[in-house]
file protein_23.txt (compact mmCIF, C-alpha atoms)
# COMPACT_ATOMS: atom_id res chain seq x y z
CA MET A 11 -18.97 43.59 -41.76
CA SER A 12 -19.20 43.94 -45.53
CA GLU A 13 -18.59 40.25 -46.36
CA HIS A 14 -21.07 37.46 -45.81
CA LEU A 15 -21.50 36.06 -42.34
CA HIS A 16 -20.18 32.64 -41.42
CA ASN A 17 -22.85 30.08 -40.55
CA ALA A 18 -21.35 29.56 -37.11
CA LEU A 19 -22.08 33.20 -36.35
CA LEU A 20 -25.62 32.83 -37.68
CA ILE A 21 -26.20 29.77 -35.46
CA ASP A 22 -24.95 31.64 -32.39
CA TYR A 23 -27.15 34.58 -33.34
CA LEU A 24 -30.14 32.29 -33.81
CA ARG A 25 -29.54 30.84 -30.37
CA ARG A 26 -29.03 34.30 -28.80
CA GLU A 27 -25.57 33.29 -27.65
CA LEU A 28 -23.74 36.33 -29.03
CA PRO A 29 -22.61 39.30 -26.92
CA PRO A 30 -24.91 42.35 -27.37
CA GLU A 31 -22.53 44.26 -29.65
CA ASP A 32 -22.03 41.27 -32.02
CA ASP A 33 -25.74 40.57 -31.92
CA ALA A 34 -26.45 44.13 -33.06
CA LEU A 35 -23.88 43.85 -35.88
CA VAL A 36 -25.40 40.59 -37.16
CA LEU A 37 -28.89 42.08 -37.01
CA ALA A 38 -27.77 45.11 -38.99
CA HIS A 39 -26.01 42.94 -41.57
CA LEU A 40 -29.01 40.66 -42.05
CA GLU A 41 -31.23 43.63 -42.78
CA LYS A 42 -29.13 44.64 -45.77
CA CYS A 43 -27.75 41.28 -47.04
CA PRO A 44 -30.33 38.99 -48.72
CA ALA A 45 -27.83 36.11 -49.12
CA CYS A 46 -27.06 36.00 -45.40
CA ARG A 47 -30.73 36.41 -44.56
CA ARG A 48 -31.48 33.40 -46.71
CA GLU A 49 -28.79 31.36 -44.94
CA TYR A 50 -30.21 32.49 -41.63
CA GLU A 51 -33.71 31.37 -42.65
CA ILE A 52 -32.34 27.96 -43.61
CA GLU A 53 -30.79 27.66 -40.15
CA ILE A 54 -34.11 28.65 -38.57
CA SER A 55 -35.99 26.07 -40.64
CA LEU A 56 -33.48 23.39 -39.69
CA SER A 57 -34.08 24.03 -35.98
CA GLU A 58 -37.84 24.11 -36.48
CA SER A 59 -37.75 20.89 -38.50
CA LEU A 60 -35.78 19.17 -35.75
CA ARG A 61 -38.29 20.27 -33.13
CA THR A 62 -41.24 19.26 -35.32
CA ALA A 63 -39.75 15.85 -36.01
CA ALA A 64 -39.06 15.34 -32.30
CA ALA A 65 -42.60 16.35 -31.37
CA ARG A 66 -44.05 14.03 -33.97
CA GLU A 67 -42.04 11.12 -32.64
CA GLU A 68 -42.66 11.85 -28.99
CA LEU A 69 -43.23 8.70 -27.00
CA GLU A 70 -45.14 8.06 -23.80
CA PHE A 71 -43.21 6.95 -20.74
CA PRO A 72 -43.62 3.16 -20.61
CA SER A 73 -44.99 2.05 -17.26
CA MET A 74 -42.76 -1.01 -17.46
CA ILE A 75 -39.72 1.23 -16.85
CA ALA A 76 -41.07 2.36 -13.48
CA ALA A 77 -41.97 -1.23 -12.61
CA ARG A 78 -38.48 -2.42 -13.54
CA VAL A 79 -36.85 0.37 -11.58
CA TRP A 80 -38.78 -0.55 -8.42
CA GLU A 81 -38.12 -4.23 -8.96
CA GLU A 82 -34.41 -3.55 -9.36
CA ILE A 83 -34.34 -1.46 -6.20
CA ARG A 84 -36.20 -4.03 -4.10
CA SER A 85 -34.18 -6.97 -5.32
CA ALA A 86 -30.81 -5.27 -5.00
CA ARG A 87 -28.64 -6.74 -2.28
CA PRO A 88 -27.03 -4.20 -0.02
CA SER A 89 -23.31 -3.70 -0.50
CA PRO A 90 -20.92 -5.27 2.06
CA LEU A 91 -20.23 -1.82 3.48
CA ALA A 92 -23.94 -1.11 3.84
CA GLN A 93 -24.42 -4.48 5.56
CA PHE A 94 -21.57 -3.70 7.94
CA VAL A 95 -23.00 -0.28 8.76
CA ALA A 96 -26.50 -1.70 9.16
CA PHE A 97 -25.18 -4.31 11.60
CA PHE A 98 -23.89 -1.58 13.87
CA ARG A 99 -27.24 0.05 14.46
CA PRO A 100 -27.73 1.40 18.06
CA ALA A 101 -29.63 -1.64 19.37
CA VAL A 102 -26.62 -3.80 18.64
CA ALA A 103 -23.84 -1.31 18.97
CA VAL A 104 -24.57 -0.07 22.51
CA PRO A 105 -24.43 -3.51 24.27
CA LEU A 106 -21.39 -4.43 22.19
CA VAL A 107 -19.52 -1.29 23.16
CA ALA A 108 -20.46 -1.76 26.84
CA ALA A 109 -19.25 -5.36 26.83
CA ALA A 110 -16.04 -4.34 25.12
CA ALA A 111 -15.47 -1.59 27.69
CA VAL A 112 -15.94 -4.00 30.60
CA ALA A 113 -13.65 -6.58 29.01
CA ALA A 114 -11.03 -3.94 28.36
CA PHE A 115 -11.21 -2.79 31.99
CA PHE A 116 -10.61 -6.28 33.40
CA PHE A 117 -7.97 -7.06 30.82
CA ALA A 118 -6.08 -3.86 31.57
CA MET A 119 -6.10 -4.29 35.39
CA PRO A 120 -3.04 -6.61 35.68
CA LEU A 121 -1.08 -4.32 33.46
CA THR A 122 -1.62 -1.28 35.64
CA GLY A 123 -0.20 -2.99 38.84
CA HIS A 124 -3.32 -2.76 40.97
CA GLU A 125 -2.87 -6.37 42.11
CA SER A 126 -0.25 -5.40 44.76
CA SER A 127 -0.96 -3.19 47.76
CA PRO A 128 0.56 0.26 47.82
CA LYS A 129 3.93 0.59 49.51
CA ILE A 130 3.44 3.02 52.33
CA ASN A 131 6.15 3.74 54.84
CA ALA A 132 4.58 2.74 58.19
CA ALA A 133 7.42 4.35 60.11
CA TYR A 134 5.99 7.67 59.14
CA TYR A 135 2.81 6.92 61.08
CA LEU A 136 4.77 5.68 64.10
CA GLU A 137 7.00 8.72 64.11
CA ALA A 138 4.12 11.05 63.82
CA HIS A 139 2.27 9.27 66.59
CA ALA A 140 5.30 9.28 68.90
CA ALA A 141 5.77 12.96 68.34
CA LEU A 142 2.19 13.60 69.28
CA GLN A 143 2.56 11.48 72.40
CA ALA A 144 5.76 13.28 73.44
CA GLN A 145 4.09 16.64 73.15
CA ASN A 146 1.05 15.52 75.09
CA PRO A 147 1.44 16.22 78.81
CA LEU A 148 -1.60 14.13 79.62
CA ASP A 149 -0.18 10.93 78.10
CA GLU A 150 -0.68 8.11 80.62
CA ARG A 151 2.23 5.97 79.41
CA GLY A 152 4.98 8.47 80.37
CA PRO A 153 8.42 9.10 78.83
CA ALA A 154 9.48 5.42 78.86
CA ALA A 155 6.68 4.43 76.60
CA VAL A 156 7.50 7.30 74.29
CA GLN A 157 11.11 6.13 74.07
CA LEU A 158 10.01 2.63 73.18
CA ILE A 159 7.81 4.06 70.47
CA GLU A 160 10.71 6.03 69.02
CA VAL A 161 12.91 2.91 68.96
CA ALA A 162 10.20 0.98 67.22
CA ALA A 163 9.77 3.78 64.74
CA GLN A 164 13.48 3.71 63.85
CA ASP A 165 13.35 -0.03 63.15
CA THR A 166 13.91 -0.37 59.38
CA SER A 167 12.11 -3.68 59.15
CA ALA A 168 8.83 -2.18 60.25
CA PRO A 169 7.88 -0.57 56.92
CA THR A 170 8.42 -3.79 54.96
CA GLU A 171 6.31 -5.89 57.27
CA LEU A 172 3.56 -3.37 57.40
CA ALA A 173 3.66 -2.86 53.69
CA ASP A 174 2.77 -6.51 53.24
CA ASP A 175 -0.53 -5.84 54.90
CA VAL A 176 -3.12 -4.40 52.63
CA ASN A 177 -4.64 -2.09 55.18
CA VAL A 178 -1.99 0.15 56.62
CA GLY A 179 -4.56 2.03 58.60
CA LEU A 180 -5.27 -1.11 60.61
CA ALA A 181 -1.67 -2.23 60.80
CA ALA A 182 -0.36 0.90 62.44
CA PRO A 183 -2.51 0.74 65.59
CA SER A 184 -1.69 -2.96 66.04
CA ALA A 185 2.02 -2.20 66.04
CA PHE A 186 1.33 0.53 68.54
CA ASP A 187 -0.60 -1.92 70.72
CA ALA A 188 2.36 -4.32 70.77
CA VAL A 189 4.54 -1.54 72.13
CA ARG A 190 1.96 -0.73 74.72
CA MET B 18 -28.83 -0.61 -2.16
CA GLY B 19 -30.50 -1.04 1.22
CA GLN B 20 -34.03 -0.38 2.36
CA PRO B 21 -35.37 2.80 0.74
CA THR B 22 -36.51 5.54 3.08
CA PRO B 23 -39.99 7.09 2.58
CA GLU B 24 -38.36 10.35 1.42
CA GLN B 25 -36.23 8.49 -1.10
CA THR B 26 -39.24 6.58 -2.40
CA ALA B 27 -41.31 9.75 -2.70
CA PHE B 28 -38.46 11.50 -4.51
CA LEU B 29 -38.17 8.74 -7.10
CA GLU B 30 -41.92 8.46 -7.59
CA ARG B 31 -42.15 12.18 -8.20
CA ALA B 32 -39.13 12.19 -10.50
CA MET B 33 -40.52 9.39 -12.66
CA GLY B 34 -44.01 10.90 -12.66
CA GLN B 35 -42.91 14.38 -13.70
CA TYR B 36 -39.82 13.72 -15.80
CA GLY B 37 -40.14 10.12 -16.93
CA LYS B 38 -41.55 11.00 -20.35
CA ALA B 39 -38.97 13.72 -21.09
CA THR B 40 -36.14 11.48 -19.93
CA TYR B 41 -37.35 8.57 -21.99
CA ASN B 42 -37.73 10.72 -25.11
CA PHE B 43 -34.26 12.16 -24.62
CA ALA B 44 -32.89 8.62 -24.30
CA TYR B 45 -34.80 7.61 -27.40
CA ARG B 46 -33.32 10.48 -29.40
CA LEU B 47 -29.84 9.55 -28.27
CA THR B 48 -30.09 5.83 -28.88
CA GLY B 49 -32.59 5.79 -31.72
CA ASN B 50 -34.48 2.73 -30.52
CA GLU B 51 -36.99 2.04 -27.79
CA SER B 52 -35.28 -0.98 -26.28
CA ASP B 53 -32.03 0.84 -25.60
CA ALA B 54 -33.97 3.92 -24.51
CA ARG B 55 -35.86 1.86 -21.94
CA ASP B 56 -32.66 0.34 -20.55
CA LEU B 57 -30.97 3.71 -20.43
CA THR B 58 -33.92 5.40 -18.75
CA GLN B 59 -34.23 2.61 -16.20
CA GLU B 60 -30.56 2.83 -15.30
CA ALA B 61 -30.73 6.62 -15.10
CA PHE B 62 -33.60 6.50 -12.58
CA ILE B 63 -31.79 3.89 -10.52
CA ARG B 64 -28.81 6.28 -10.41
CA VAL B 65 -31.17 9.06 -9.38
CA PHE B 66 -32.51 6.86 -6.60
CA LYS B 67 -29.02 6.06 -5.33
CA ALA B 68 -27.79 9.64 -5.51
CA TRP B 69 -31.00 11.42 -4.58
CA ARG B 70 -29.35 13.30 -1.72
CA SER B 71 -26.84 14.88 -4.08
CA PHE B 72 -29.61 16.64 -6.02
CA GLN B 73 -29.60 20.34 -5.16
CA PRO B 74 -33.14 21.68 -4.68
CA GLY B 75 -33.72 24.72 -6.85
CA THR B 76 -31.62 23.39 -9.72
CA SER B 77 -32.99 21.74 -12.84
CA PHE B 78 -33.81 18.10 -12.32
CA LEU B 79 -33.95 17.54 -16.07
CA SER B 80 -30.43 18.89 -16.53
CA TRP B 81 -29.27 16.56 -13.78
CA ILE B 82 -30.88 13.44 -15.20
CA TYR B 83 -29.83 14.36 -18.75
CA ARG B 84 -26.29 14.54 -17.50
CA ILE B 85 -26.64 11.11 -15.87
CA LEU B 86 -28.18 9.75 -19.04
CA THR B 87 -25.51 11.25 -21.27
CA ASN B 88 -22.78 9.70 -19.14
CA LEU B 89 -24.53 6.33 -19.15
CA TYR B 90 -24.90 6.45 -22.91
CA ARG B 91 -21.23 7.32 -23.32
CA ASP B 92 -20.28 4.40 -21.06
CA GLU B 93 -22.53 2.09 -23.05
CA LEU B 94 -20.92 3.13 -26.32
CA ARG B 95 -17.48 2.55 -24.83
CA ARG B 96 -18.59 -0.87 -23.64
CA ARG B 97 -19.86 -1.74 -27.11
CA LYS B 98 -16.65 -0.41 -28.58
CA GLY B 99 -14.74 -2.89 -26.45
CA ARG B 100 -17.07 -5.68 -27.44
CA PHE B 101 -16.78 -5.08 -31.16
CA GLN B 102 -13.15 -3.93 -31.10
CA GLU B 103 -14.08 -1.03 -33.31
CA GLU B 104 -13.52 2.66 -32.93
CA LEU B 105 -16.27 5.13 -32.27
CA PRO B 106 -16.54 8.05 -34.65
CA GLU B 107 -14.54 11.04 -33.53
CA ASP B 108 -16.12 14.44 -33.32
CA ASN B 109 -13.82 15.72 -36.04
CA ALA B 110 -14.63 12.87 -38.37
CA PRO B 111 -18.40 12.73 -38.66
CA GLN B 112 -19.91 9.82 -40.49
CA GLU B 113 -21.01 10.67 -43.95
CA PHE B 114 -22.71 7.40 -44.80
CA ALA B 115 -24.36 4.78 -42.68
CA GLY B 116 -22.69 1.98 -44.57
CA GLN B 117 -19.25 3.24 -43.57
CA ARG B 118 -20.00 3.50 -39.90
CA PRO B 119 -18.18 1.19 -37.51
CA MET B 120 -19.85 -1.73 -35.81
CA ALA B 121 -19.88 0.04 -32.47
CA VAL B 122 -23.02 2.08 -33.18
CA THR B 123 -24.42 0.06 -36.05
CA PRO B 124 -27.13 -1.82 -34.11
CA ILE B 125 -28.67 1.43 -32.91
CA GLU B 126 -28.13 3.41 -36.06
CA ASP B 127 -29.33 0.70 -38.40
CA TYR B 128 -32.54 0.32 -36.49
CA VAL B 129 -33.11 4.07 -36.63
CA GLU B 130 -32.65 4.06 -40.36
CA ARG B 131 -35.09 1.20 -40.83
CA GLN B 132 -37.73 2.83 -38.68
CA LEU B 133 -37.60 6.45 -39.76
CA SER B 134 -38.23 7.63 -43.24
CA GLU B 135 -37.87 11.37 -42.79
CA PRO B 136 -34.63 12.68 -44.29
CA LEU B 137 -33.94 14.76 -41.22
CA SER B 138 -34.35 11.84 -38.85
CA ARG B 139 -32.08 9.76 -41.03
CA ALA B 140 -29.55 12.53 -41.14
CA LEU B 141 -29.70 12.92 -37.36
CA ALA B 142 -29.09 9.22 -36.94
CA GLN B 143 -25.95 9.50 -39.08
CA LEU B 144 -24.28 11.96 -36.77
CA SER B 145 -21.74 10.79 -34.27
CA ALA B 146 -23.09 10.14 -30.77
CA GLU B 147 -21.68 13.37 -29.38
CA GLN B 148 -22.89 15.44 -32.31
CA ARG B 149 -26.35 13.97 -31.96
CA GLN B 150 -26.36 14.73 -28.23
CA VAL B 151 -25.48 18.35 -28.79
CA VAL B 152 -28.10 18.79 -31.54
CA VAL B 153 -30.80 17.19 -29.39
CA LEU B 154 -29.90 19.31 -26.38
CA ALA B 155 -29.54 22.55 -28.36
CA ASP B 156 -32.27 22.36 -30.96
CA ILE B 157 -34.87 20.01 -29.49
CA GLU B 158 -34.46 20.56 -25.76
CA GLU B 159 -33.39 24.19 -26.35
CA TYR B 160 -30.70 24.37 -23.70
CA SER B 161 -28.13 27.15 -23.71
CA TYR B 162 -24.48 26.46 -24.50
CA GLN B 163 -23.67 26.81 -20.80
CA GLU B 164 -26.30 24.24 -19.81
CA ILE B 165 -25.23 21.84 -22.55
CA ALA B 166 -21.61 22.15 -21.44
CA GLU B 167 -22.66 21.24 -17.89
CA ILE B 168 -24.74 18.30 -19.05
CA MET B 169 -22.10 16.93 -21.39
CA GLY B 170 -19.18 17.75 -19.12
CA CYS B 171 -17.23 19.77 -21.66
CA SER B 172 -16.40 23.41 -22.40
CA ILE B 173 -18.74 25.91 -24.04
CA GLY B 174 -16.26 26.17 -26.93
CA THR B 175 -16.54 22.42 -27.51
CA VAL B 176 -20.32 22.63 -27.45
CA ARG B 177 -20.27 25.49 -29.94
CA SER B 178 -17.90 23.77 -32.37
CA ARG B 179 -19.73 20.43 -32.12
CA LEU B 180 -23.05 22.11 -32.81
CA HIS B 181 -21.71 24.06 -35.79
CA ARG B 182 -20.20 20.94 -37.34
CA ALA B 183 -23.26 18.84 -36.59
CA ARG B 184 -25.64 21.33 -38.13
CA ALA B 185 -23.45 21.78 -41.20
CA LEU B 186 -23.38 18.01 -41.65
CA LEU B 187 -27.13 17.74 -41.09
CA ARG B 188 -27.76 20.29 -43.77
CA ARG B 189 -25.54 18.48 -46.26
CA LEU B 190 -27.16 15.13 -45.49
CA VAL B 191 -30.69 16.53 -45.80
CA GLU B 192 -29.89 18.34 -49.03
CA ARG B 193 -28.36 15.19 -50.46
CA ALA B 194 -31.40 13.13 -49.45
CA GLN B 195 -33.78 15.65 -50.98
CA LYS B 196 -32.00 15.70 -54.34
CA PRO B 197 -33.95 13.66 -56.92
CA THR B 198 -32.12 10.48 -57.87
CA SER B 199 -31.33 10.42 -61.54
call {"tool": "encode", "arguments": {"input": "protein_23.txt", "output": "C-alpha cells"}}
result
Amino acid sequence: MSEHLHNALLIDYLRRELPPEDDALVLAHLEKCPACRREYEIEISLSESLRTAAAREELEFPSMIAARVWEEIRSARPSPLAQFVAFFRPAVAVPLVAAAAVAAFFFAMPLTGHESSPKINAAYYLEAHAALQAQNPLDERGPAAVQLIEVAAQDTSAPTELADDVNVGLAAPSAFDAVR
Amino acid sequence: MGQPTPEQTAFLERAMGQYGKATYNFAYRLTGNESDARDLTQEAFIRVFKAWRSFQPGTSFLSWIYRILTNLYRDELRRRKGRFQEELPEDNAPQEFAGQRPMAVTPIEDYVERQLSEPLSRALAQLSAEQRQVVVLADIEEYSYQEIAEIMGCSIGTVRSRLHRARALLRRLVERAQKPTS
C-alpha cells in the first residue's frame, strides 16, 4: 500500500466498516503518510460538523403531532372488511349460525326422502311368525291355523299393503289377528 | 381503523413519548422543513399504530420507524414528481446547484436554503433525497451500513457507494461555499 488511499477506503475505515486485515493496513499507512492522514482528518471533521449542525438544529417533538395522530385514529372509519368482521362477533354470530343450521335441516329433509315410510317386507314377519308357531307344540290354533298363516305369508300383495302403513310393527299383528 | 385496544394505545403512547423527538428530527433532516416533517412524522406514527403487532420486541424501534419514514418520504417525492411532471435527481447525478434542481424537490429544498445559513446545511440540502438519507443515517444517526441497508431497503454496496458519493459532493460544496468571492 505505497500509494495514497482512496477516500472511500478512508470513509469505511472511519466508520469501522473494514475487515480487520484491511483496517490494520489502513492504520499502518496513515501512520506513515501525512497526505492520507490529512484527508482522513478532513473526513473526520466532516462527520463531526454534520453531527454538530444536527445537534444545533435539534427540534422538540411538537405536541400537536401526537394530538393529530390521536384525532386521526379516532376519526378514522373502519374499513369495509373490518366492519364485516366486527359484525360477526360471537353475540351475533352464534344465533345466526344456529338459525342457519335449523333452516338447513328443514330445507334438506324433503331431499333426503324421509317423507315416505320405509319399505319393509311384511311377509318376512309373517313367515317368521308362522315358523315359530309350527315349531311350537303348545300352539292352541293347531296345524290348520299354521297352514292359513303360511298361505297368507306367501300372498305377494301383503307387503305392499303393509308397507303403506307407517308402523309395520303394529300392522303385522293386525294381519295375524285377521287370520286368527 | 377500528376501535384501538388498550395495548395498542399504550404502545403508541410509549412510542411517541420515547421516540417522537428523534423521529421528528429525522423527518426534519430529510425534508428540510417543519411542516413536511410534521406531516411525515404524523403519518409514520399512524402506520406504527396500524402495524404495531408486526413490531418484533427486542429489535430497534427507531430503525423500524426510520424505515417507515424513509418509505413514506420516498412515496411523497414520487407523488410530487407526478404532480410536477419532473424527474427526481438520480443517485448517479447529484445536484450541483440549487437553481438547476427540478421542481419535484424545490419547495423543500428552497425553504431549507432560505432558513439555514451554514454552508454545511446548505450543502446537505443540495444532495439528492437518497444521498441525504444515507448521510443523515450514517453520520448523524450513526447507523452501520447493515442497519442503513435495512432501513433504506437496499444493499450494503448501494449504501456504501451512495455515502461515498454524497460525502465527496458535500466536501466540494462546502469548499466552494467557503471560498471567498472575488
call {"tool": "closest_atom_pairs", "arguments": {"input": "protein_23.txt", "of": "chain B", "to": "chain A", "cutoff": "10 Å", "atoms": "all atoms listed in the file", "output": "Markdown table"}}
result
| residue | atom | partner | partner_atom | distance |
| --- | --- | --- | --- | --- |
| B:Met18 | CA | A:Pro88 | CA | 4.6 |
| B:Gly19 | CA | A:Pro88 | CA | 4.9 |
| B:Gln20 | CA | A:Arg84 | CA | 7.7 |
| B:Pro21 | CA | A:Ile83 | CA | 8.2 |
| B:Thr26 | CA | A:Trp80 | CA | 9.3 |
| B:Leu29 | CA | A:Trp80 | CA | 9.4 |
| B:Glu30 | CA | A:Ala76 | CA | 8.5 |
| B:Met33 | CA | A:Ala76 | CA | 7.1 |
| B:Gly34 | CA | A:Phe71 | CA | 9.0 |
| B:Tyr36 | CA | A:Phe71 | CA | 9.0 |
| B:Gly37 | CA | A:Phe71 | CA | 5.8 |
| B:Lys38 | CA | A:Phe71 | CA | 4.4 |
| B:Ala39 | CA | A:Phe71 | CA | 8.0 |
| B:Thr40 | CA | A:Phe71 | CA | 8.4 |
| B:Tyr41 | CA | A:Phe71 | CA | 6.2 |
| B:Asn42 | CA | A:Leu69 | CA | 6.2 |
| B:Phe43 | CA | A:Glu68 | CA | 9.5 |
| B:Tyr45 | CA | A:Leu69 | CA | 8.5 |
| B:Arg46 | CA | A:Ala64 | CA | 8.1 |
| B:Glu51 | CA | A:Leu69 | CA | 9.2 |
| B:Ala54 | CA | A:Ile75 | CA | 9.9 |
| B:Arg55 | CA | A:Ile75 | CA | 6.4 |
| B:Asp56 | CA | A:Ile75 | CA | 8.0 |
| B:Leu57 | CA | A:Ile75 | CA | 9.8 |
| B:Thr58 | CA | A:Ile75 | CA | 7.4 |
| B:Gln59 | CA | A:Ile75 | CA | 5.7 |
| B:Glu60 | CA | A:Val79 | CA | 7.7 |
| B:Ala61 | CA | A:Val79 | CA | 9.4 |
| B:Phe62 | CA | A:Val79 | CA | 7.0 |
| B:Ile63 | CA | A:Val79 | CA | 6.3 |
| B:Phe66 | CA | A:Ile83 | CA | 8.5 |
| B:Lys67 | CA | A:Ile83 | CA | 9.3 |
| B:Leu133 | CA | A:Glu67 | CA | 9.6 |
| B:Glu135 | CA | A:Ala63 | CA | 8.3 |
| B:Leu137 | CA | A:Leu60 | CA | 7.3 |
| B:Ser138 | CA | A:Ala63 | CA | 7.3 |
| B:Leu141 | CA | A:Leu60 | CA | 8.9 |
| B:Val152 | CA | A:Leu60 | CA | 8.8 |
| B:Val153 | CA | A:Leu60 | CA | 8.3 |
| B:Ala155 | CA | A:Arg25 | CA | 8.5 |
| B:Asp156 | CA | A:Ser57 | CA | 5.6 |
| B:Ile157 | CA | A:Arg61 | CA | 5.0 |
| B:Glu158 | CA | A:Arg61 | CA | 8.3 |
| B:Glu159 | CA | A:Arg25 | CA | 8.7 |
| B:Tyr160 | CA | A:Arg25 | CA | 9.4 |
| B:Ser161 | CA | A:Glu27 | CA | 7.7 |
| B:Tyr162 | CA | A:Glu27 | CA | 7.6 |
| B:Gln163 | CA | A:Glu27 | CA | 9.6 |
| B:Arg177 | CA | A:Asp22 | CA | 8.1 |
| B:Ser178 | CA | A:Ala18 | CA | 8.2 |
| B:Leu180 | CA | A:Ile21 | CA | 8.7 |
| B:His181 | CA | A:Ala18 | CA | 5.7 |
| B:Arg182 | CA | A:Ala18 | CA | 8.7 |
| B:Arg184 | CA | A:Leu56 | CA | 8.3 |
| B:Ala185 | CA | A:Asn17 | CA | 8.3 |
| B:Leu187 | CA | A:Leu56 | CA | 8.6 |
| B:Arg188 | CA | A:Leu56 | CA | 7.7 |
| B:Val191 | CA | A:Leu56 | CA | 9.6 |
call {"tool": "write_last_selection", "arguments": {"input": "protein_23.txt", "atoms": "C-alpha atoms", "output": "compact mmCIF listing (two decimals), in the frame of the given file"}}
result
# COMPACT_ATOMS: atom_id res chain seq x y z
CA MET B 18 -28.83 -0.61 -2.16
CA GLY B 19 -30.50 -1.04 1.22
CA GLN B 20 -34.03 -0.38 2.36
CA PRO B 21 -35.37 2.80 0.74
CA THR B 26 -39.24 6.58 -2.40
CA LEU B 29 -38.17 8.74 -7.10
CA GLU B 30 -41.92 8.46 -7.59
CA MET B 33 -40.52 9.39 -12.66
CA GLY B 34 -44.01 10.90 -12.66
CA TYR B 36 -39.82 13.72 -15.80
CA GLY B 37 -40.14 10.12 -16.93
CA LYS B 38 -41.55 11.00 -20.35
CA ALA B 39 -38.97 13.72 -21.09
CA THR B 40 -36.14 11.48 -19.93
CA TYR B 41 -37.35 8.57 -21.99
CA ASN B 42 -37.73 10.72 -25.11
CA PHE B 43 -34.26 12.16 -24.62
CA TYR B 45 -34.80 7.61 -27.40
CA ARG B 46 -33.32 10.48 -29.40
CA GLU B 51 -36.99 2.04 -27.79
CA ALA B 54 -33.97 3.92 -24.51
CA ARG B 55 -35.86 1.86 -21.94
CA ASP B 56 -32.66 0.34 -20.55
CA LEU B 57 -30.97 3.71 -20.43
CA THR B 58 -33.92 5.40 -18.75
CA GLN B 59 -34.23 2.61 -16.20
CA GLU B 60 -30.56 2.83 -15.30
CA ALA B 61 -30.73 6.62 -15.10
CA PHE B 62 -33.60 6.50 -12.58
CA ILE B 63 -31.79 3.89 -10.52
CA PHE B 66 -32.51 6.86 -6.60
CA LYS B 67 -29.02 6.06 -5.33
CA LEU B 133 -37.60 6.45 -39.76
CA GLU B 135 -37.87 11.37 -42.79
CA LEU B 137 -33.94 14.76 -41.22
CA SER B 138 -34.35 11.84 -38.85
CA LEU B 141 -29.70 12.92 -37.36
CA VAL B 152 -28.10 18.79 -31.54
CA VAL B 153 -30.80 17.19 -29.39
CA ALA B 155 -29.54 22.55 -28.36
CA ASP B 156 -32.27 22.36 -30.96
CA ILE B 157 -34.87 20.01 -29.49
CA GLU B 158 -34.46 20.56 -25.76
CA GLU B 159 -33.39 24.19 -26.35
CA TYR B 160 -30.70 24.37 -23.70
CA SER B 161 -28.13 27.15 -23.71
CA TYR B 162 -24.48 26.46 -24.50
CA GLN B 163 -23.67 26.81 -20.80
CA ARG B 177 -20.27 25.49 -29.94
CA SER B 178 -17.90 23.77 -32.37
CA LEU B 180 -23.05 22.11 -32.81
CA HIS B 181 -21.71 24.06 -35.79
CA ARG B 182 -20.20 20.94 -37.34
CA ARG B 184 -25.64 21.33 -38.13
CA ALA B 185 -23.45 21.78 -41.20
CA LEU B 187 -27.13 17.74 -41.09
CA ARG B 188 -27.76 20.29 -43.77
CA VAL B 191 -30.69 16.53 -45.80
call {"tool": "atom_distance", "arguments": {"input": "protein_23.txt", "atom1": "atom CA of Thr87 of chain B", "atom2": "atom CA of Gln35 of chain B"}}
result
19.2 Å
call {"tool": "atom_distance", "arguments": {"input": "protein_23.txt", "atom1": "atom CA of Pro30 of chain A", "atom2": "atom CA of Cys171 of chain B"}}
result
24.5 Å
call {"tool": "atom_distance", "arguments": {"input": "protein_23.txt", "atom1": "atom CA of Tyr83 of chain B", "atom2": "atom CA of Arg149 of chain B"}}
result
13.7 Å
